[in-house]
$ cat work.cif   # mmCIF, C-alpha atoms
data_final
#
loop_
_atom_site.label_atom_id
_atom_site.label_comp_id
_atom_site.auth_asym_id
_atom_site.auth_seq_id
_atom_site.Cartn_x
_atom_site.Cartn_y
_atom_site.Cartn_z
CA MET A 1 106.37 125.39 13.89
CA GLU A 2 105.21 128.34 11.88
CA GLU A 3 107.91 130.76 10.90
CA ILE A 4 107.71 133.97 12.85
CA LYS A 5 108.56 137.20 11.18
CA VAL A 6 108.21 140.89 11.98
CA PRO A 7 105.57 142.13 9.50
CA LYS A 8 105.84 145.36 7.54
CA ALA A 9 103.93 148.35 8.89
CA PRO A 10 100.74 149.24 6.98
CA LEU A 11 102.22 152.61 5.90
CA PRO A 12 105.70 153.34 4.48
CA TRP A 13 107.96 155.40 6.78
CA TRP A 14 107.68 158.63 4.77
CA ALA A 15 103.88 158.64 4.77
CA ALA A 16 103.75 157.74 8.47
CA GLY A 17 106.30 160.39 9.46
CA LEU A 18 104.63 163.07 7.36
CA ILE A 19 101.17 162.34 8.77
CA LEU A 20 102.41 162.22 12.37
CA GLY A 21 104.25 165.51 11.86
CA LEU A 22 101.13 167.18 10.43
CA ILE A 23 99.08 165.94 13.40
CA GLN A 24 101.67 167.54 15.69
CA VAL A 25 101.33 170.83 13.77
CA LEU A 26 97.52 170.65 14.01
CA ALA A 27 97.80 170.04 17.76
CA VAL A 28 100.15 173.03 18.23
CA TYR A 29 97.79 175.18 16.17
CA VAL A 30 94.61 174.17 18.00
CA LYS A 31 95.57 173.60 21.64
CA GLY A 32 99.14 172.62 22.42
CA PRO A 33 101.74 170.00 21.50
CA LEU A 34 101.07 166.27 21.77
CA GLY A 35 101.62 164.61 25.13
CA VAL A 36 100.36 161.47 26.79
CA SER A 37 101.89 160.66 30.16
CA THR A 38 100.53 163.51 32.37
CA GLN A 39 97.09 161.90 32.32
CA PHE A 40 98.33 158.84 34.21
CA VAL A 41 99.24 161.12 37.10
CA ILE A 42 95.91 162.95 36.82
CA LEU A 43 93.89 159.73 37.02
CA ASP A 44 95.99 158.52 39.99
CA SER A 45 95.53 161.96 41.53
CA ILE A 46 91.75 161.74 41.23
CA VAL A 47 91.87 158.32 42.92
CA MET A 48 94.09 159.69 45.70
CA HIS A 49 91.72 162.58 46.33
CA LYS A 50 88.99 159.98 46.91
CA ALA A 51 91.05 157.42 48.81
CA ALA A 52 93.32 159.66 50.90
CA PRO A 53 91.91 163.21 50.74
CA GLU A 54 94.08 164.58 53.53
CA TYR A 55 97.30 163.33 51.97
CA ALA A 56 96.24 164.61 48.54
CA GLN A 57 95.34 168.11 49.79
CA ASN A 58 98.73 168.57 51.41
CA HIS A 59 100.69 167.09 48.52
CA PRO A 60 102.67 169.68 46.51
CA LEU A 61 101.66 168.06 43.22
CA LEU A 62 98.21 166.61 43.87
CA SER A 63 96.94 169.76 45.57
CA GLN A 64 97.37 171.72 42.33
CA GLU A 65 94.04 172.21 40.60
CA LYS A 66 95.47 171.36 37.15
CA ASN A 67 96.54 167.93 38.39
CA ARG A 68 93.00 166.78 39.13
CA LYS A 69 91.18 168.15 36.13
CA ILE A 70 89.99 166.12 33.16
CA GLY A 71 90.73 168.21 30.08
CA TYR A 72 92.17 168.26 26.56
CA GLY A 73 95.02 165.89 27.39
CA PHE A 74 92.68 163.31 28.85
CA TRP A 75 90.45 163.31 25.78
CA LEU A 76 93.53 163.08 23.61
CA ASP A 77 94.50 159.83 25.37
CA VAL A 78 90.95 158.49 24.95
CA GLY A 79 91.20 159.43 21.27
CA ILE A 80 94.47 157.48 20.90
CA VAL A 81 92.74 154.32 22.16
CA LEU A 82 89.76 154.81 19.82
CA GLY A 83 91.94 155.72 16.83
CA ALA A 84 94.33 152.79 17.20
CA PHE A 85 91.44 150.38 17.69
CA THR A 86 89.63 151.66 14.58
CA ALA A 87 92.80 151.62 12.46
CA ALA A 88 93.68 148.06 13.51
CA VAL A 89 90.17 146.84 12.70
CA LEU A 90 90.08 148.66 9.34
CA VAL A 91 93.35 147.14 8.09
CA LYS A 92 92.21 143.74 9.45
CA ARG A 93 95.12 143.44 11.86
CA TRP A 94 93.17 143.59 15.13
CA LYS A 95 94.18 140.43 16.92
CA LEU A 96 94.44 139.23 20.49
CA GLN A 97 98.16 138.89 21.07
CA THR A 98 100.16 138.23 24.20
CA SER A 99 103.75 138.53 23.05
CA THR A 100 105.99 139.87 20.30
CA VAL A 101 108.24 138.37 17.64
CA TRP A 102 111.42 139.73 19.26
CA TRP A 103 110.34 138.32 22.65
CA LYS A 104 109.55 134.87 21.22
CA THR A 105 112.89 134.79 19.40
CA ASN A 106 114.90 135.67 22.48
CA ARG A 107 112.93 134.56 25.52
CA ASN A 108 111.52 131.16 24.47
CA GLY A 109 108.02 132.59 24.34
CA SER A 110 107.58 132.68 28.11
CA LEU A 111 104.19 134.32 28.57
CA PHE A 112 104.56 134.95 32.28
CA GLY A 113 107.96 136.47 31.54
CA ARG A 114 106.53 138.83 28.94
CA PHE A 115 103.74 139.96 31.27
CA PHE A 116 106.03 140.35 34.26
CA ALA A 117 108.63 142.27 32.25
CA GLY A 118 105.85 144.34 30.71
CA PHE A 119 104.49 145.32 34.11
CA ILE A 120 107.91 146.28 35.51
CA GLY A 121 108.67 148.07 32.24
CA GLY A 122 105.44 150.03 32.57
CA ILE A 123 106.50 151.28 36.02
CA PHE A 124 109.85 152.44 34.63
CA ILE A 125 108.17 154.07 31.62
CA LEU A 126 105.77 156.30 33.54
CA LEU A 127 108.08 157.11 36.45
CA GLY A 128 110.75 158.07 33.92
CA ALA A 129 108.37 160.03 31.73
CA ARG A 130 107.17 162.16 34.65
CA LEU A 131 110.67 162.80 35.96
CA ALA A 132 111.56 163.94 32.43
CA HIS A 133 108.42 166.13 32.20
CA GLY A 134 107.25 164.20 29.17
CA CYS A 135 107.39 160.88 27.38
CA THR A 136 108.36 159.98 23.84
CA SER A 137 105.50 162.21 22.58
CA GLY A 138 105.48 165.16 24.96
CA GLY A 139 109.14 165.21 25.96
CA PHE A 140 110.95 163.97 22.87
CA ALA A 141 108.81 164.71 19.78
CA SER A 142 107.10 167.84 21.12
CA GLY A 143 110.28 168.92 22.88
CA TRP A 144 112.22 168.95 19.61
CA ALA A 145 109.32 170.50 17.69
CA GLN A 146 109.61 173.48 20.07
CA LEU A 147 113.42 173.32 20.33
CA SER A 148 113.14 172.98 24.08
CA LEU A 149 116.44 172.57 25.99
CA ASN A 150 114.65 169.85 27.98
CA ALA A 151 114.64 167.63 24.87
CA VAL A 152 118.45 167.31 24.84
CA PRO A 153 119.10 165.42 28.12
CA MET A 154 115.81 163.58 27.52
CA THR A 155 116.96 162.29 24.12
CA ILE A 156 120.40 161.27 25.36
CA GLY A 157 118.95 159.37 28.35
CA LEU A 158 116.11 157.78 26.39
CA PHE A 159 118.07 156.42 23.45
CA SER A 160 121.31 155.46 25.19
CA PHE A 161 119.50 153.46 27.88
CA GLY A 162 116.85 152.25 25.42
CA MET A 163 119.47 150.83 23.06
CA LEU A 164 121.52 149.32 25.89
CA THR A 165 118.46 147.65 27.43
CA ALA A 166 117.18 146.32 24.10
CA TRP A 167 120.65 144.92 23.36
CA LEU A 168 120.68 143.10 26.72
CA VAL A 169 117.09 141.79 26.52
CA TYR A 170 116.97 140.95 22.80
CA PRO A 171 120.38 139.75 21.60
CA LYS A 172 119.00 137.58 18.75
CA THR A 173 117.47 139.20 15.66
CA PRO A 174 114.34 137.57 14.20
CA ASN A 175 113.29 137.59 10.53
CA ILE A 176 112.15 141.04 9.49
CA GLU A 177 109.93 141.58 6.45
CA LYS A 178 111.46 144.31 4.29
CA MET B 1 82.87 171.03 24.42
CA ALA B 2 85.58 172.30 22.08
CA THR B 3 88.15 170.81 24.46
CA VAL B 4 86.53 167.39 24.29
CA PHE B 5 86.10 167.58 20.51
CA TRP B 6 89.67 168.63 19.70
CA GLY B 7 91.16 166.26 22.25
CA LEU B 8 89.25 163.29 20.85
CA LEU B 9 89.87 164.26 17.21
CA ILE B 10 93.61 164.88 17.53
CA GLY B 11 93.99 161.82 19.75
CA PHE B 12 92.04 159.69 17.27
CA LEU B 13 94.25 160.78 14.36
CA PHE B 14 97.40 160.33 16.46
CA GLY B 15 96.40 156.85 17.64
CA ALA B 16 95.47 155.74 14.12
CA ALA B 17 98.72 157.14 12.69
CA LEU B 18 100.84 155.54 15.43
CA TYR B 19 99.26 152.22 14.57
CA LEU B 20 99.33 152.48 10.77
CA GLY B 21 102.85 153.92 10.84
CA GLY B 22 104.23 150.98 12.78
CA LEU B 23 105.24 152.93 15.89
CA ALA B 24 102.49 151.24 17.91
CA GLU B 25 104.30 148.02 17.07
CA PRO B 26 106.78 146.81 19.73
CA ASP B 27 108.67 144.67 17.20
CA LYS B 28 109.39 147.74 15.08
CA ILE B 29 110.55 149.75 18.11
CA ILE B 30 112.88 147.00 19.36
CA GLY B 31 114.17 146.56 15.78
CA THR B 32 115.09 150.23 15.73
CA LEU B 33 116.69 150.24 19.20
CA ARG B 34 118.74 147.21 18.12
CA LEU B 35 119.70 149.04 14.88
CA LYS B 36 118.33 146.17 12.79
CA ASP B 37 115.13 147.68 11.37
CA PHE B 38 115.14 151.37 10.55
CA HIS B 39 111.45 151.79 9.72
CA ALA B 40 110.52 153.21 13.13
CA PHE B 41 113.68 155.32 13.27
CA ARG B 42 112.94 156.97 9.92
CA THR B 43 109.27 157.49 10.83
CA ILE B 44 110.16 159.12 14.15
CA ALA B 45 112.82 161.32 12.54
CA LEU B 46 110.44 162.62 9.88
CA PHE B 47 107.69 163.08 12.50
CA VAL B 48 110.06 165.32 14.48
CA LEU B 49 111.29 167.26 11.42
CA VAL B 50 107.80 167.98 10.07
CA GLY B 51 106.60 168.90 13.55
CA MET B 52 109.58 171.23 14.00
CA LEU B 53 109.12 172.96 10.65
CA GLY B 54 105.36 173.34 11.10
CA THR B 55 105.68 174.62 14.68
CA TRP B 56 108.27 177.17 13.48
CA ILE B 57 105.91 178.40 10.73
CA LEU B 58 103.04 178.68 13.23
CA GLN B 59 105.32 180.56 15.59
CA LYS B 60 106.40 183.00 12.87
CA THR B 61 102.77 183.68 11.95
CA GLY B 62 101.71 183.94 15.60
CA HIS B 63 99.51 180.85 15.70
CA ALA B 64 101.53 178.46 17.89
CA ASN B 65 100.35 177.24 21.29
CA LEU B 66 103.62 176.19 22.87
CA ASP B 67 104.21 174.29 26.08
CA ILE B 68 107.91 174.34 26.97
CA LYS B 69 108.86 171.93 29.75
CA PRO B 70 111.39 172.92 32.41
CA ALA B 71 114.96 171.86 31.67
CA ALA B 72 115.95 170.38 35.02
CA VAL B 73 118.78 168.70 33.14
CA LEU B 74 119.76 166.11 35.77
CA THR B 75 116.22 164.95 36.58
CA VAL B 76 115.26 164.95 32.92
CA PHE B 77 118.29 162.80 32.06
CA ILE B 78 117.47 160.32 34.84
CA GLY B 79 113.83 160.28 33.72
CA GLY B 80 114.80 159.77 30.09
CA ALA B 81 117.09 156.90 31.13
CA LEU B 82 114.36 155.16 33.18
CA LEU B 83 111.90 155.62 30.33
CA GLY B 84 114.57 154.20 28.02
CA VAL B 85 114.92 151.08 30.18
CA GLY B 86 111.15 150.51 30.10
CA PHE B 87 111.08 151.28 26.37
CA GLY B 88 113.92 148.82 25.73
CA ILE B 89 112.28 146.02 27.75
CA THR B 90 108.75 146.35 26.39
CA GLY B 91 108.91 148.23 23.07
CA TYR B 92 106.17 150.50 24.40
CA CYS B 93 105.96 154.10 25.53
CA PRO B 94 102.87 155.72 27.08
CA GLY B 95 101.15 156.63 23.78
CA THR B 96 102.00 153.47 21.87
CA GLY B 97 101.22 151.33 24.93
CA LEU B 98 97.66 152.66 24.93
CA ALA B 99 97.44 152.22 21.15
CA CYS B 100 98.78 148.64 21.24
CA ALA B 101 96.43 147.65 24.06
CA ALA B 102 93.56 148.96 21.90
CA ALA B 103 94.84 146.90 18.97
CA GLY B 104 94.52 143.69 20.99
CA ARG B 105 97.91 143.31 22.64
CA MET B 106 97.35 141.97 26.15
CA ASP B 107 101.00 142.46 27.13
CA ALA B 108 100.56 146.16 26.31
CA LEU B 109 97.52 146.27 28.59
CA ILE B 110 99.69 144.88 31.41
CA THR B 111 102.31 147.54 30.64
CA VAL B 112 99.61 150.23 30.84
CA LEU B 113 98.67 148.90 34.30
CA GLY B 114 102.35 149.13 35.23
CA MET B 115 102.30 152.74 34.05
CA PHE B 116 99.55 153.62 36.54
CA VAL B 117 101.75 152.12 39.26
CA GLY B 118 104.71 154.12 37.90
CA ALA B 119 102.65 157.32 38.11
CA MET B 120 101.83 156.45 41.71
CA VAL B 121 105.50 155.91 42.52
CA TYR B 122 106.19 159.35 41.05
CA ILE B 123 103.44 160.90 43.20
CA LEU B 124 104.79 159.22 46.34
CA ILE B 125 108.42 160.26 45.82
CA TYR B 126 107.54 163.74 44.51
CA PRO B 127 107.48 165.70 47.83
CA THR B 128 110.81 164.35 49.03
CA VAL B 129 112.98 163.13 46.17
CA VAL B 130 111.73 164.96 43.07
CA VAL B 131 111.41 168.44 44.58
CA SER B 132 115.00 168.47 45.85
CA LEU B 133 116.45 166.73 42.79
CA GLU B 134 114.88 169.31 40.49
CA GLN B 135 116.74 172.12 42.20
CA HIS B 136 120.00 170.95 40.64
CA PHE B 137 120.97 172.08 37.14
CA ASN B 138 117.52 173.54 36.52
CA TYR B 139 117.51 176.07 33.68
CA GLY B 140 113.74 176.52 33.71
CA LYS B 141 111.41 176.65 30.73
CA ILE B 142 113.93 177.63 28.12
CA THR B 143 114.54 176.83 24.46
CA LEU B 144 117.79 176.18 22.59
CA PRO B 145 117.55 179.50 20.66
CA GLU B 146 116.99 181.38 23.91
CA ILE B 147 119.87 179.83 25.83
CA THR B 148 122.29 180.34 22.91
CA ASN B 149 120.90 183.78 22.14
CA THR B 150 120.15 182.92 18.54
CA SER B 151 117.00 182.89 16.41
CA SER B 152 114.75 179.86 16.02
CA THR B 153 115.31 180.13 12.25
CA ALA B 154 119.04 179.52 12.75
CA TRP B 155 118.18 176.20 14.40
CA VAL B 156 115.14 174.99 12.49
CA LEU B 157 116.22 175.48 8.89
CA PRO B 158 119.62 173.72 9.14
CA ILE B 159 118.21 170.85 11.25
CA VAL B 160 115.28 170.30 8.89
CA LEU B 161 117.37 170.61 5.71
CA ILE B 162 120.20 168.36 6.88
CA GLY B 163 117.78 165.88 8.45
CA ALA B 164 115.66 165.67 5.29
CA LEU B 165 118.78 165.26 3.15
CA ILE B 166 120.07 162.39 5.30
CA LEU B 167 116.66 160.66 5.24
CA TRP B 168 116.47 161.06 1.47
CA VAL B 169 120.01 159.86 0.73
CA THR B 170 119.74 156.83 3.01
CA ALA B 171 116.17 155.93 1.98
CA PRO B 172 115.69 152.23 1.20
CA ARG B 173 115.22 151.88 -2.55
CA ARG B 174 112.73 149.34 -3.83
CA LYS B 175 114.44 146.56 -5.73
CA SER B 176 112.91 145.98 -9.15
#

$ encode --input "work.cif" --output "structure tokens"
Amino acid sequence: MEEIKVPKAPLPWWAAGLILGLIQVLAVYVKGPLGVSTQFVILDSIVMHKAAPEYAQNHPLLSQEKNRKIGYGFWLDVGIVLGAFTAAVLVKRWKLQTSTVWWKTNRNGSLFGRFFAGFIGGIFILLGARLAHGCTSGGFASGWAQLSLNAVPMTIGLFSFGMLTAWLVYPKTPNIEK
Amino acid sequence: MATVFWGLLIGFLFGAALYLGGLAEPDKIIGTLRLKDFHAFRTIALFVLVGMLGTWILQKTGHANLDIKPAAVLTVFIGGALLGVGFGITGYCPGTGLACAAAGRMDALITVLGMFVGAMVYILIYPTVVVSLEQHFNYGKITLPEITNTSSTAWVLPIVLIGALILWVTAPRRKS
């Protein structure tokens, strides 16, 4: 069996952090801080307006004009997909993958398990992000960039439950390339 | 048109940087949550510090476009915790999930599908559960300097200086 190992990231932490921070500053300068998760609600909202127009028009959230409009945030999400795809291809790391090193180390490489957990995890991620008024980008990173009070309970909830969950799901540590 | 251009450009840079920086990499995220691999932790910390310093400078020169989210402390904590559970199971968050799916990870694509379902759950419970929950402990769209009646400078400079110092002192040194 080939040895599995968590590979190093293409960029060192200081370059990655600096670049991400500068992109945040550019975003704040041009339009508004980075955020991702609102668009999931907007796309669902557009579907609901088609599928159940009466429900959508009387819904306190969906009836708001801003929640059915494709705008800056939507194009930002499209950009993320294009940018990540291009970067992965350029550094020759684009690869069809179905699981992760940590999952294979701890969960015997069960593919169905990874997909099922991933789907349930996705539900938690977006429901949580909307309740918190922002995800790891919009709530945490942008929240702290603007010193928003919102970022404090968000950070405590995110990292305490994130660490606890990861500890429960992934007790065994795989090889990590330093 | 400007909206489409800037959205796509900033998103493109963000997606590429998330990937190249190892944040759009579930193994790096889980490594950080398990306190075994500090690459993602250090990257995120510097991302926040640079963003904070730059936003403060833009604010001082009158060029910042801010978007403060309401601090409904209880709901935000519950939301953060649920997001944390999903984050801890998958190693993805909304932005990195999209980026990882684009980089060929099929499990991330499944997580993105789950996210659309999660958004629908939020929509369905919004009129009943969310509206009433948000009435508790809601301080509105307020910042830490505002609620403590201090200046943003008094927050930003110490946080950035101390944060940068800690990152520098604890930086992994290359063995020669």

$ residues_around --input "work.cif" --residues "Gly118 in chain A" --least-positions-apart "2" --cutoff "8 Å" --atoms "only C-alpha atoms" --output "list of chain:residue names"
A:Arg114, A:Phe115, A:Phe116, A:Ile120, A:Gly121, A:Gly122, B:Ile89, B:Thr90, B:Asp107, B:Ala108, B:Ile110, B:Thr111, B:Gly114

$ residues_around --input "work.cif" --residues "range 61-63 of chain A" --least-positions-apart "3" --cutoff "12 Å" --atoms "all atoms listed in the file" --output "number ranges by chain"
A: 38, 41-50, 52-58, 66-69, 130; B: 119-120, 122-128, 130-131

$ axis_aligned_box --input "work.cif" --around "range 60-66 of chain A" --padding-each-side "4 Å" --output "lines of an AutoDock Vina configuration file"
center_x = 98.4
center_y = 169.4
center_z = 41.8
size_x = 16.6
size_y = 13.6
size_z = 17.4

$ residues_around --input "work.cif" --residues "range 167-174 of chain A" --least-positions-apart "4" --cutoff "8 Å" --atoms "only C-alpha atoms" --output "list in words"
Ile4, Lys5, Val6, Val101, Trp102, Trp103, Thr105, Asn106 and Met163 of chain A; Leu33, Arg34, Lys36, Gly88 and Ile89 of chain B

$ resolve_selection --input "work.cif" --expression "the PyMOL selection byres ((chain A and resi 133) around 10)" --output "PyMOL selection string"
(chain A and resi 35+37-38+127-132+134-135+138-140+143+150-151+154) or (chain B and resi 68-72+75-76+79-80)

$ resolve_selection --input "work.cif" --expression "the PyMOL selection byres ((chain B and resi 44-57) around 7)" --output "MDAnalysis selection string"
(chainID A and resid 17:18 20:22 24:25 28 141 144:146) or (chainID B and resid 40:43 58:61 64 156 160)

$ write_last_selection --input "work.cif" --atoms "C-alpha atoms" --output "PDB file, keeping the file's coordinate frame"
ATOM      1  CA  GLY A  17     106.300 160.390   9.460  1.00  0.00           C
ATOM      2  CA  LEU A  18     104.630 163.070   7.360  1.00  0.00           C
ATOM      3  CA  LEU A  20     102.410 162.220  12.370  1.00  0.00           C
ATOM      4  CA  GLY A  21     104.250 165.510  11.860  1.00  0.00           C
ATOM      5  CA  LEU A  22     101.130 167.180  10.430  1.00  0.00           C
ATOM      6  CA  GLN A  24     101.670 167.540  15.690  1.00  0.00           C
ATOM      7  CA  VAL A  25     101.330 170.830  13.770  1.00  0.00           C
ATOM      8  CA  VAL A  28     100.150 173.030  18.230  1.00  0.00           C
ATOM      9  CA  ALA A 141     108.810 164.710  19.780  1.00  0.00           C
ATOM     10  CA  TRP A 144     112.220 168.950  19.610  1.00  0.00           C
ATOM     11  CA  ALA A 145     109.320 170.500  17.690  1.00  0.00           C
ATOM     12  CA  GLN A 146     109.610 173.480  20.070  1.00  0.00           C
TER      13      GLN A 146
ATOM     14  CA  ALA B  40     110.520 153.210  13.130  1.00  0.00           C
ATOM     15  CA  PHE B  41     113.680 155.320  13.270  1.00  0.00           C
ATOM     16  CA  ARG B  42     112.940 156.970   9.920  1.00  0.00           C
ATOM     17  CA  THR B  43     109.270 157.490  10.830  1.00  0.00           C
ATOM     18  CA  LEU B  58     103.040 178.680  13.230  1.00  0.00           C
ATOM     19  CA  GLN B  59     105.320 180.560  15.590  1.00  0.00           C
ATOM     20  CA  LYS B  60     106.400 183.000  12.870  1.00  0.00           C
ATOM     21  CA  THR B  61     102.770 183.680  11.950  1.00  0.00           C
ATOM     22  CA  ALA B  64     101.530 178.460  17.890  1.00  0.00           C
ATOM     23  CA  VAL B 156     115.140 174.990  12.490  1.00  0.00           C
ATOM     24  CA  VAL B 160     115.280 170.300   8.890  1.00  0.00           C
TER      25      VAL B 160
END

$ closest_residue --input "work.cif" --among "B:Pro158, B:Gly62, B:Leu113, B:Gly21" --to "Ala101 in chain B" --atoms "only C-alpha atoms"
B:Leu113

$ closest_residue --input "work.cif" --among "B:Trp168, B:Trp155, B:Phe87, B:Phe38" --to "Pro26 in chain B" --atoms "only C-alpha atoms"
B:Phe87

$ residues_around --input "work.cif" --residues "Trp94 in chain A" --least-positions-apart "2" --cutoff "12 Å" --atoms "all atoms listed in the file" --output "list of chain:residue names"
A:Ala84, A:Phe85, A:Thr86, A:Ala87, A:Ala88, A:Val89, A:Leu90, A:Val91, A:Lys92, A:Leu96, A:Gln97, B:Tyr19, B:Leu20, B:Ala99, B:Cys100, B:Ala101, B:Ala102, B:Ala103, B:Gly104, B:Arg105, B:Met106

$ atom_distance --input "work.cif" --atom1 "CA of Glu177 in chain A" --atom2 "CA of Leu11 in chain A"
13.5 Å

$ resolve_selection --input "work.cif" --expression "the PyMOL selection byres ((chain B and resi 3-18) around 7)" --output "list of chain:residue names"
A:Ala16, A:Ile19, A:Leu20, A:Ile23, A:Ala27, A:Gly71, A:Tyr72, A:Gly73, A:Trp75, A:Leu76, A:Asp77, A:Val78, A:Gly79, A:Ile80, A:Val81, A:Leu82, A:Gly83, A:Ala84, A:Ala87, B:Met1, B:Ala2, B:Tyr19, B:Leu20, B:Gly21, B:Gly22, B:Leu23, B:Ala24, B:Thr96, B:Ala99

$ atom_distance --input "work.cif" --atom1 "CA of Ala166 in chain A" --atom2 "CA of Ser137 in chain A"
19.8 Å

$ atom_distance --input "work.cif" --atom1 "CA of His59 in chain A" --atom2 "CA of Pro153 in chain A"
27.5 Å

$ residues_near_point --input "work.cif" --point "(113.1, 143.8, 13.6)" --cutoff "6 Å" --atoms "only C-alpha atoms" --output "PyMOL selection string"
(chain A and resi 6+176) or (chain B and resi 27-28+31+36-37)
